[in-house]
Every structure is written in structure tokens, then in C-alpha cells.
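Right, one structure below, let's go through it.
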Amino acid sequence: MICLFGGTFDPVHNGHLHAARAAADALGADEVRMVLAARPHHKDQPSASIGQRWEMLHSACEADVRLVADDTEMRLSGPSYTVDTLAEVRARHAQETVFWVIGTDTFRDLRSWYRWQDLLDLTHLAVLQRPRSTFDPDMQSVYEQFRVDDVPQSRAGSILRLQTAMLDISATEVRQLIAAGASVEHLLPDVVCTYIRTHGLYLEANERAED
Ligand code: ATP
């Protein structure tokens with residue numbers, strides 16, 4: 001089984017790490033590959049550069065053998081499209097069971113993703129219930145069409161909701177707290193806190209990275 005958890009990770013926070021571990025437990029995966037969305041096209045552009053987000057993600061994952069920082073989207077040129085990333089994974093692992101893990105907020109926006117209807121040919125989706133994010137009624141019919149209630153053995157094509165409670169943390173909130181001079185130690189791994197302080201990241205609310 002291959003378990004992938006994509007994100008902008010601007011910065012990676014304890015909510016992401018908890019979510020990845022919970023997904024590994026629920027799916028029975030030995031490891032979760034944390035795929036950095038190097039050049040996300042469907043979100044506001046990140047504040048930290050690709051290199052900075054990668055260094056934070058990589059060092060946060062080093063503390064847990066089950067979490068592996070994955071640079072697939074850094075190596076592909078152009079915008080980071082999940083469908084391209086999955087096609088690349090499939091080219092190497094044609095018959096493996098693949099899961100792409102997302103939060104309910106991301107699932108709500110799925111139809112804005114490039115070639116979103118092709119995603120389920122390549123992967124299963126595992127959807128985590130984020131606090132304060134409802135399961136969107138517009139996506140209910142998509143969910144019902146592909147829904148399974150247990151971990152599937154097939155290679156792709158199903159949507160499984162994971163019920164583990166998630167932490168109420170978002171990267172937006174972390175950036176806003178830092179810009180306001182508030183403490184974020186309880187929201188981030190120590191190595192990420194130190195990195196942000198050392199590099200003076202997120203001190204201005206709407207700064208943009210140069211890369
Ligand atoms: P932002 O606030 O900038 O949108 P974010 O905290 O949502 O950032 P992303 O890197 O955009 O972080 O999220 C990557 C993936 O992690 C998404 O699928 C998102 O739903 C999920 N995710 C983020 N935070 C949590 C959390 N606290 N619990 C569970 N899933 C989360």
C-alpha cells in the first residue's frame with residue numbers, strides 16, 4: 001500500500017502530523033509520504049519558498065519513521081497537479097493500492113482540481129474530518145457514488161471517510177499568530193518553530209516568497 005498526504009505545508013504543523021499518523025493507523029499503512037505541493041495552483045500562493053517549506057517538512061518528518069517527506073512535485077516542472085503526481089506514482093507502482101489523504105475542506109474543493117474526475121482511476125481518497133469543516137452537501141453525491149466503509153483491497157476508485165478526531169490547527173492561523181507576535185510553540189514541532197524563528201518567516205501577514 002502507498003499512502004500519500006499532499007499539502008502546501010506553509011508551514012507543516014501538528015495538525016498535519018497528527019492527521020498523517022491517524023491515517024496510517026486507520027489504513028494500516030507502514031508509512032505516509034508527505035508530498036509537498038511545490039507550486040500549488042488552486043490556493044493562494046505560499047508565503048514561504050519551496051526550499052523553506054521543504055526544509056521544514058523534511059525536518060518535521062525525521063522525528064517519525066512512519067512519515068517520509070516526498071519531493072515528487074518539486075521534481076515535476078510547472079504547476080503541481082495531484083493527477084500528474086499520481087500518474088507518476090502509478091507509472092512506478094501499477095498494481096499497488098494507493099491512498100491520497102485529504103481533509104474535508106480539501107474534499108469540498110475537489111471539483112476545482114485539474115482533471116479531478118481522473119483522480120479515482122489512480123487512487124482511493126481517504127477523507128479526514130477537520131474541525132469546523134462540514135462535509136459539503138455538493139460533494140455528498142460524489143461521496144455516495146464511490147463510498148466504502150472499510151479499507152478497500154483494490155488498487156483505486158473508492159472514497160473512505162476516516163473518523164479519528166483531528167486537531168483544530170490550520171497553517172493560516174499559524175501564520176496569522178506569528179504575524180501578530182503571538183506564541184505558536186504548542187501548534188508546531190520544535191524543529192519547525194526554530195526554523196521559522198531563525199529565518200524570520202511569516203512576520204508580515206501577506207508576504208510572498210521569491211523562490
Ligand atoms: P491553510 O490554512 O494555509 O489552508 P492547511 O493548514 O489547511 O493550510 P495545507 O497544507 O493546505 O494546510 O493542507 C494539506 C492537507 O492537510 C489538506 O488536505 C488539509 O485538509 C489537511 N489538513 C490541514 N490541517 C489539518 C488538520 N488540522 N487536521 C486534518 N487535516 C488537516
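Every chain in the C-alpha cells has a letter given in the order shown (A, B, ...), and although residue numbers restart at 1 in each chain, ligands are simply numbered from 1 in the order shown.
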Quick one: contact table of chain A to ligand 1, 7 Å max, nearest atom pair and distance in Å to one decimal per residue, counting only C-alpha atoms and all ligand atoms, chain and number order, as CSV?
residue,atom,partner,partner_atom_place_in_ligand_line,distance
A:Phe5,CA,ligand 1,15 (C),6.7
A:Gly6,CA,ligand 1,14 (C),5.7
A:Gly7,CA,ligand 1,14 (C),3.5
A:Thr8,CA,ligand 1,10 (O),3.8
A:Phe9,CA,ligand 1,10 (O),3.9
A:Asp10,CA,ligand 1,10 (O),6.2
A:Val12,CA,ligand 1,10 (O),6.8
A:Gly15,CA,ligand 1,27 (N),3.6
A:His16,CA,ligand 1,25 (C),5.0
A:Ala19,CA,ligand 1,29 (C),4.9
A:Val101,CA,ligand 1,18 (O),6.5
A:Ile102,CA,ligand 1,18 (O),3.5
A:Gly103,CA,ligand 1,20 (O),3.1
A:Thr104,CA,ligand 1,20 (O),5.8
A:Asp105,CA,ligand 1,20 (O),5.2
A:Thr106,CA,ligand 1,20 (O),4.8
A:Leu128,CA,ligand 1,29 (C),5.9
A:Gln129,CA,ligand 1,29 (C),6.7
A:Arg130,CA,ligand 1,29 (C),5.0
A:Met166,CA,ligand 1,28 (N),4.7
A:Leu167,CA,ligand 1,27 (N),4.7
A:Asp168,CA,ligand 1,27 (N),5.0
A:Ile169,CA,ligand 1,27 (N),4.4
A:Ser170,CA,ligand 1,6 (O),3.4
A:Ala171,CA,ligand 1,6 (O),3.7
A:Thr172,CA,ligand 1,2 (O),3.7
A:Glu173,CA,ligand 1,2 (O),6.4
Contacts of A:Arg175 at 12 Å (only C-alpha atoms; same-chain gap of 2+ positions) as a PyMOL selection string:
chain A and resi 9-13+46-48+169-173+177-184+187-188+193+196+200-207
Give the helix (DSSP H, G or I) residues of stretch 39-200 of chain A, as DSSP finds them on the backbone, and put them as JSON, numbers by chain.
{"A": [50, 51, 52, 53, 54, 55, 56, 57, 58, 59, 60, 61, 72, 73, 74, 75, 82, 83, 84, 85, 86, 87, 88, 89, 90, 91, 92, 104, 105, 106, 107, 108, 110, 111, 112, 116, 117, 118, 119, 120, 121, 122, 137, 138, 139, 140, 141, 142, 143, 144, 145, 146, 171, 172, 173, 174, 175, 176, 177, 178, 179, 185, 186, 187, 190, 191, 192, 193, 194, 195, 196, 197, 198, 199]}
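DSSP, applied to the backbone of this structure, assigns strand (DSSP E) to the following residues of stretch 14-206 of chain A: A:Val32, A:Arg33, A:Met34, A:Val35, A:Leu36, A:Leu67, A:Val68, A:Ala69, A:Asp70, A:Val98, A:Phe99, A:Trp100, A:Val101, A:Ile102, A:Gly103, A:His124, A:Leu125, A:Ala126, A:Val127, A:Leu128, A:Arg147, A:Val148, A:Ile159, A:Leu160, A:Arg161, A:Leu162.
The gap separating atom CA of A:Thr194 from atom CA of A:Leu57 is 12.9 Å, in Å to one decimal.
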